[in-house]
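upload30.pdb, holding PDB, C-alpha atoms and all ligand atoms:
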```pdb
MODEL        1
ATOM      1  CA  SER X   1     -30.368  10.615  -0.886
ATOM      2  CA  SER X   2     -26.809  10.330  -2.080
ATOM      3  CA  PRO X   3     -25.870   7.410  -4.314
ATOM      4  CA  ARG X   4     -22.619   7.155  -2.345
ATOM      5  CA  CYS X   5     -23.228   5.313   0.909
ATOM      6  CA  CYS X   6     -19.873   6.571   2.213
ATOM      7  CA  ALA X   7     -21.457  10.020   2.254
ATOM      8  CA  LYS X   8     -23.083   9.213   5.582
ATOM      9  CA  PRO X   9     -22.424  12.253   7.796
ATOM     10  CA  MET X  10     -19.401  11.872  10.048
ATOM     11  CA  ARG X  11     -21.430  12.893  13.101
ATOM     12  CA  MET X  12     -23.675   9.860  12.563
ATOM     13  CA  MET X  13     -20.786   7.422  12.488
ATOM     14  CA  CYS X  14     -19.501   5.514  15.488
ATOM     15  CA  ARG X  15     -16.007   6.355  16.689
ATOM     16  CA  LYS X  16     -14.423   3.447  14.829
ATOM     17  CA  ASP X  17     -16.138   4.170  11.513
ATOM     18  CA  ARG X  18     -15.110   7.811  11.793
ATOM     19  CA  ALA X  19     -11.494   6.833  12.425
ATOM     20  CA  VAL X  20     -11.624   4.425   9.484
ATOM     21  CA  ARG X  21     -12.969   7.155   7.216
ATOM     22  CA  LEU X  22     -10.155   9.463   8.308
ATOM     23  CA  GLY X  23      -7.537   6.773   7.827
ATOM     24  CA  LEU X  24      -6.617   6.872  11.514
ATOM     25  CA  TRP X  25      -7.954   3.528  12.673
ATOM     26  CA  ARG X  26      -5.545   0.807  13.828
ATOM     27  CA  ALA X  27      -6.792  -2.741  14.372
ATOM     28  CA  ARG X  28      -4.074  -4.058  16.689
ATOM     29  CA  SER X  29      -1.445  -2.597  18.923
ATOM     30  CA  VAL X  30       0.632  -5.633  19.862
ATOM     31  CA  PRO X  31       2.558  -8.109  17.689
ATOM     32  CA  SER X  32       0.470 -11.193  17.085
ATOM     33  CA  VAL X  33       0.646 -14.308  14.963
ATOM     34  CA  ILE X  34      -2.334 -14.635  12.660
ATOM     35  CA  SER X  35      -3.355 -18.052  11.330
ATOM     36  CA  ILE X  36      -4.835 -17.625   7.881
ATOM     37  CA  THR X  37      -6.642 -20.976   8.015
ATOM     38  CA  ASP X  38      -8.037 -20.212  11.487
ATOM     39  CA  ILE X  39      -9.431 -16.931  10.294
ATOM     40  CA  PHE X  40     -11.131 -18.457   7.276
ATOM     41  CA  SER X  41     -12.592 -21.190   9.500
ATOM     42  CA  ARG X  42     -14.277 -18.439  11.559
ATOM     43  CA  ILE X  43     -15.900 -16.852   8.508
ATOM     44  CA  ASP X  44     -19.214 -18.492   7.676
ATOM     45  CA  ASP X  45     -20.692 -16.077   5.154
ATOM     46  CA  TYR X  46     -19.880 -14.658   1.751
ATOM     47  CA  GLU X  47     -19.076 -11.187   0.413
ATOM     48  CA  HIS X  48     -18.447  -9.858   3.924
ATOM     49  CA  PRO X  49     -14.847  -8.647   4.323
ATOM     50  CA  ARG X  50     -13.312  -8.575   7.822
ATOM     51  CA  VAL X  51     -10.195  -6.638   8.736
ATOM     52  CA  ALA X  52      -7.624  -8.900  10.393
ATOM     53  CA  ALA X  53      -4.782  -6.388  10.477
ATOM     54  CA  MET X  54      -3.742  -2.897   9.526
ATOM     55  CA  VAL X  55      -0.389  -2.082   7.918
ATOM     56  CA  ASN X  56      -0.088   1.677   8.041
ATOM     57  CA  GLU X  57      -2.885   2.913   5.742
ATOM     58  CA  CYS X  58      -3.534  -0.524   4.269
ATOM     59  CA  ALA X  59      -6.098  -2.944   5.671
ATOM     60  CA  VAL X  60      -5.718  -6.716   5.360
ATOM     61  CA  LYS X  61      -9.242  -8.001   4.811
ATOM     62  CA  PHE X  62     -10.348 -11.627   4.755
ATOM     63  CA  VAL X  63     -13.374 -12.587   2.696
ATOM     64  CA  LYS X  64     -15.026 -15.633   1.175
ATOM     65  CA  LEU X  65     -16.722 -15.291  -2.187
ATOM     66  CA  LYS X  66     -19.147 -17.576  -3.963
ATOM     67  CA  GLY X  67     -21.078 -16.669  -7.069
ATOM     68  CA  GLU X  68     -20.982 -13.499  -9.123
ATOM     69  CA  PHE X  69     -20.221 -10.212  -7.397
ATOM     70  CA  VAL X  70     -21.053  -6.922  -9.137
ATOM     71  CA  TRP X  71     -19.402  -4.755 -11.780
ATOM     72  CA  HIS X  72     -17.877  -1.728 -10.077
ATOM     73  CA  HIS X  73     -14.802   0.439  -9.825
ATOM     74  CA  HIS X  74     -13.130   2.539  -7.151
ATOM     75  CA  ASP X  75     -12.449   6.144  -8.119
ATOM     76  CA  GLU X  76      -9.346   6.600  -5.971
ATOM     77  CA  GLU X  77      -8.386   3.294  -4.436
ATOM     78  CA  ASP X  78      -6.305   0.411  -5.710
ATOM     79  CA  GLU X  79      -7.200  -3.100  -4.562
ATOM     80  CA  LEU X  80      -4.955  -6.123  -4.313
ATOM     81  CA  PHE X  81      -6.691  -9.522  -4.408
ATOM     82  CA  TYR X  82      -4.627 -12.416  -3.072
ATOM     83  CA  VAL X  83      -6.283 -15.798  -3.657
ATOM     84  CA  VAL X  84      -5.599 -18.236  -0.828
ATOM     85  CA  GLN X  85      -7.976 -21.004  -1.896
ATOM     86  CA  GLY X  86     -10.000 -21.655  -5.008
ATOM     87  CA  SER X  87      -9.963 -19.964  -8.371
ATOM     88  CA  LEU X  88     -11.265 -16.461  -8.966
ATOM     89  CA  LEU X  89     -12.474 -15.299 -12.344
ATOM     90  CA  MET X  90     -11.862 -11.559 -12.532
ATOM     91  CA  LYS X  91     -13.988 -10.070 -15.255
ATOM     92  CA  LEU X  92     -12.427  -6.937 -16.769
ATOM     93  CA  ARG X  93     -13.635  -4.802 -19.644
ATOM     94  CA  ASP X  94     -10.450  -5.641 -21.573
ATOM     95  CA  GLY X  95     -10.822  -9.382 -21.029
ATOM     96  CA  ASP X  96     -11.254 -11.815 -18.181
ATOM     97  CA  VAL X  97      -8.421 -13.290 -16.147
ATOM     98  CA  THR X  98      -8.308 -16.253 -13.821
ATOM     99  CA  VAL X  99      -6.492 -15.852 -10.515
ATOM    100  CA  ASN X 100      -5.630 -19.165  -8.902
ATOM    101  CA  ALA X 101      -4.656 -19.990  -5.318
ATOM    102  CA  GLY X 102      -1.222 -18.569  -4.614
ATOM    103  CA  GLU X 103      -1.666 -15.800  -7.165
ATOM    104  CA  MET X 104      -2.744 -12.203  -6.794
ATOM    105  CA  ILE X 105      -4.019  -9.410  -8.977
ATOM    106  CA  LEU X 106      -3.840  -5.669  -8.546
ATOM    107  CA  ILE X 107      -6.899  -3.748  -9.680
ATOM    108  CA  PRO X 108      -5.813  -0.128 -10.124
ATOM    109  CA  HIS X 109      -8.240   2.645  -9.230
ATOM    110  CA  GLY X 110     -10.710   3.440 -11.958
ATOM    111  CA  VAL X 111     -10.601  -0.031 -13.508
ATOM    112  CA  GLU X 112     -13.977  -1.746 -13.702
ATOM    113  CA  HIS X 113     -13.982  -5.284 -12.356
ATOM    114  CA  CYS X 114     -16.411  -8.033 -11.438
ATOM    115  CA  PRO X 115     -15.113 -10.970  -9.380
ATOM    116  CA  ILE X 116     -16.791 -14.312  -9.968
ATOM    117  CA  ALA X 117     -16.297 -17.411  -7.847
ATOM    118  CA  ALA X 118     -17.783 -20.480  -9.500
ATOM    119  CA  GLU X 119     -16.730 -22.421  -6.395
ATOM    120  CA  GLU X 120     -15.941 -20.974  -2.983
ATOM    121  CA  VAL X 121     -12.885 -18.705  -3.012
ATOM    122  CA  HIS X 122     -10.892 -17.535  -0.008
ATOM    123  CA  LEU X 123      -9.392 -14.108  -0.591
ATOM    124  CA  ILE X 124      -7.210 -11.660   1.253
ATOM    125  CA  LEU X 125      -7.708  -8.070   0.133
ATOM    126  CA  PHE X 126      -5.126  -5.365   0.648
ATOM    127  CA  GLU X 127      -6.774  -1.986   0.433
ATOM    128  CA  ARG X 128      -7.788   0.996   2.538
ATOM    129  CA  ALA X 129      -9.997   0.103   5.474
ATOM    130  CA  ALA X 130     -12.551   2.598   4.201
ATOM    131  CA  THR X 131     -12.711   1.082   0.714
ATOM    132  CA  ILE X 132     -16.283  -0.010   0.068
ATOM    133  CA  ASN X 133     -16.554  -3.452  -1.462
ATOM    134  CA  THR X 134     -18.940  -2.444  -4.241
ATOM    135  CA  GLY X 135     -17.066   0.777  -5.047
ATOM    136  CA  ASN X 136     -19.208   3.197  -7.040
ATOM    137  CA  VAL X 137     -22.231   0.889  -6.898
ATOM    138  CA  VAL X 138     -24.680   0.625  -4.011
ATOM    139  CA  ASN X 139     -26.771  -2.509  -3.803
ATOM    140  CA  GLU X 140     -27.618  -5.320  -1.414
ATOM    141  CA  LYS X 141     -23.981  -6.483  -1.447
ATOM    142  CA  THR X 142     -22.603  -3.140  -0.238
ATOM    143  CA  ARG X 143     -20.724  -3.217   3.084
ATOM    144  CA  VAL X 144     -20.070   0.205   4.537
ATOM    145  CA  THR X 145     -18.889  -0.530   8.036
ATOM    146  CA  VAL X 146     -15.543  -2.111   8.816
ATOM    147  CA  ASP X 147     -15.895  -5.402  10.648
ATOM    148  CA  THR X 148     -12.908  -6.860  12.412
ATOM    149  CA  LEU X 149     -11.972 -10.366  13.457
TER     150      LEU X 149
HETATM  151 NI    NI X 201     -13.478  -3.626  -6.063
ENDMDL
END
```

Can you turn what I pasted into structure tokens?
Amino acid sequence: SSPRCCAKPMRMMCRKDRAVRLGLWRARSVPSVISITDIFSRIDDYEHPRVAAMVNECAVKFVKLKGEFVWHHHDEEDELFYVVQGSLLMKLRDGDVTVNAGEMILIPHGVEHCPIAAEEVHLILFERAATINTGNVVNEKTRVTVDTL
């Protein structure tokens, strides 16, 4: 079997997952106010990103982290991490950085990273809907499907 979970055949995907993979999926079609605190209050698990909105080809994903994630990179996709609450330690091969609430960090494609949340962190990710959270790595933390709120 392929080490890339995104290699699942298109014909085996549901309509939404197929649209996500093709970059055609849109989460909402009417203007709506989104409460960031409300959304985080509805998330009761960790390492499980949910798409709250789409902006053209960019998904806005809400996720809570706690503990150490996994070293990985994304071959083609950049990721923007915006920390809403808590303090995220972003381990990088060239040195670690701390991203505090109200700060954000861009991880360019190809750059290995490993997010660590010593305490609970609330994050908003800006990336393609189809971006897989563990990038080039497949393990028990990998989320392939796109879950919405
Ligand atoms: Ni990543």

* Within 9 Å of ligand NI 201 (chain X) (all atoms listed in the file), residues as a VMD selection string -> chain X and resid 70 to 74 77 to 79 107 109 111 to 115 131 to 136

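Going from CA of Met54 (chain X) to CA of Phe81 (chain X) covers 15.7 Å.
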
* Structure fact -> Ile124 (chain X) proximity check over X:Val83, X:Val97, X:Leu149, X:Val138, using only C-alpha atoms: winner is X:Val83

* To do: Determine the residue set returned by the PyMOL selection byres (((chain X and resi 35-52) around 12) and not hetatm) for the present structure, and present it as number ranges by chain.
  => X: 20, 25-28, 32-34, 53-55, 58-70, 81, 83-85, 115-117, 119-134, 140-149

Only C-alpha atoms, please: the residues just picked out, written as a PDB file, in the coordinates of the input.
```pdb
ATOM      1  CA  VAL X  20     -11.624   4.425   9.484  1.00  0.00           C
ATOM      2  CA  TRP X  25      -7.954   3.528  12.673  1.00  0.00           C
ATOM      3  CA  ARG X  26      -5.545   0.807  13.828  1.00  0.00           C
ATOM      4  CA  ALA X  27      -6.792  -2.741  14.372  1.00  0.00           C
ATOM      5  CA  ARG X  28      -4.074  -4.058  16.689  1.00  0.00           C
ATOM      6  CA  SER X  32       0.470 -11.193  17.085  1.00  0.00           C
ATOM      7  CA  VAL X  33       0.646 -14.308  14.963  1.00  0.00           C
ATOM      8  CA  ILE X  34      -2.334 -14.635  12.660  1.00  0.00           C
ATOM      9  CA  ALA X  53      -4.782  -6.388  10.477  1.00  0.00           C
ATOM     10  CA  MET X  54      -3.742  -2.897   9.526  1.00  0.00           C
ATOM     11  CA  VAL X  55      -0.389  -2.082   7.918  1.00  0.00           C
ATOM     12  CA  CYS X  58      -3.534  -0.524   4.269  1.00  0.00           C
ATOM     13  CA  ALA X  59      -6.098  -2.944   5.671  1.00  0.00           C
ATOM     14  CA  VAL X  60      -5.718  -6.716   5.360  1.00  0.00           C
ATOM     15  CA  LYS X  61      -9.242  -8.001   4.811  1.00  0.00           C
ATOM     16  CA  PHE X  62     -10.348 -11.627   4.755  1.00  0.00           C
ATOM     17  CA  VAL X  63     -13.374 -12.587   2.696  1.00  0.00           C
ATOM     18  CA  LYS X  64     -15.026 -15.633   1.175  1.00  0.00           C
ATOM     19  CA  LEU X  65     -16.722 -15.291  -2.187  1.00  0.00           C
ATOM     20  CA  LYS X  66     -19.147 -17.576  -3.963  1.00  0.00           C
ATOM     21  CA  GLY X  67     -21.078 -16.669  -7.069  1.00  0.00           C
ATOM     22  CA  GLU X  68     -20.982 -13.499  -9.123  1.00  0.00           C
ATOM     23  CA  PHE X  69     -20.221 -10.212  -7.397  1.00  0.00           C
ATOM     24  CA  VAL X  70     -21.053  -6.922  -9.137  1.00  0.00           C
ATOM     25  CA  PHE X  81      -6.691  -9.522  -4.408  1.00  0.00           C
ATOM     26  CA  VAL X  83      -6.283 -15.798  -3.657  1.00  0.00           C
ATOM     27  CA  VAL X  84      -5.599 -18.236  -0.828  1.00  0.00           C
ATOM     28  CA  GLN X  85      -7.976 -21.004  -1.896  1.00  0.00           C
ATOM     29  CA  PRO X 115     -15.113 -10.970  -9.380  1.00  0.00           C
ATOM     30  CA  ILE X 116     -16.791 -14.312  -9.968  1.00  0.00           C
ATOM     31  CA  ALA X 117     -16.297 -17.411  -7.847  1.00  0.00           C
ATOM     32  CA  GLU X 119     -16.730 -22.421  -6.395  1.00  0.00           C
ATOM     33  CA  GLU X 120     -15.941 -20.974  -2.983  1.00  0.00           C
ATOM     34  CA  VAL X 121     -12.885 -18.705  -3.012  1.00  0.00           C
ATOM     35  CA  HIS X 122     -10.892 -17.535  -0.008  1.00  0.00           C
ATOM     36  CA  LEU X 123      -9.392 -14.108  -0.591  1.00  0.00           C
ATOM     37  CA  ILE X 124      -7.210 -11.660   1.253  1.00  0.00           C
ATOM     38  CA  LEU X 125      -7.708  -8.070   0.133  1.00  0.00           C
ATOM     39  CA  PHE X 126      -5.126  -5.365   0.648  1.00  0.00           C
ATOM     40  CA  GLU X 127      -6.774  -1.986   0.433  1.00  0.00           C
ATOM     41  CA  ARG X 128      -7.788   0.996   2.538  1.00  0.00           C
ATOM     42  CA  ALA X 129      -9.997   0.103   5.474  1.00  0.00           C
ATOM     43  CA  ALA X 130     -12.551   2.598   4.201  1.00  0.00           C
ATOM     44  CA  THR X 131     -12.711   1.082   0.714  1.00  0.00           C
ATOM     45  CA  ILE X 132     -16.283  -0.010   0.068  1.00  0.00           C
ATOM     46  CA  ASN X 133     -16.554  -3.452  -1.462  1.00  0.00           C
ATOM     47  CA  THR X 134     -18.940  -2.444  -4.241  1.00  0.00           C
ATOM     48  CA  GLU X 140     -27.618  -5.320  -1.414  1.00  0.00           C
ATOM     49  CA  LYS X 141     -23.981  -6.483  -1.447  1.00  0.00           C
ATOM     50  CA  THR X 142     -22.603  -3.140  -0.238  1.00  0.00           C
ATOM     51  CA  ARG X 143     -20.724  -3.217   3.084  1.00  0.00           C
ATOM     52  CA  VAL X 144     -20.070   0.205   4.537  1.00  0.00           C
ATOM     53  CA  THR X 145     -18.889  -0.530   8.036  1.00  0.00           C
ATOM     54  CA  VAL X 146     -15.543  -2.111   8.816  1.00  0.00           C
ATOM     55  CA  ASP X 147     -15.895  -5.402  10.648  1.00  0.00           C
ATOM     56  CA  THR X 148     -12.908  -6.860  12.412  1.00  0.00           C
ATOM     57  CA  LEU X 149     -11.972 -10.366  13.457  1.00  0.00           C
TER      58      LEU X 149
END
```

* Asked: Nearest to Gly102 (chain X): which of X:Leu88, X:Val137, X:Leu22, X:Cys14 is it, counting only C-alpha atoms?
  ->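 Smallest distance to Gly102 (chain X) is found for X:Leu88.
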
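Between CA of Lys16 (chain X) and CA of Pro31 (chain X) lies a distance of 20.7 Å.
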
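Using only C-alpha atoms, the nearest neighbour of Ile105 (chain X) within the list X:Met90, X:Ala118, X:Val30, X:Met12 is X:Met90.
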
* Have a look at CA of Ala101 (chain X) and CA of Leu80 (chain X) and let me know their distance in Å, one decimal. =>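 Straight-line distance from CA of Ala101 (chain X) to CA of Leu80 (chain X) works out to 13.9 Å.
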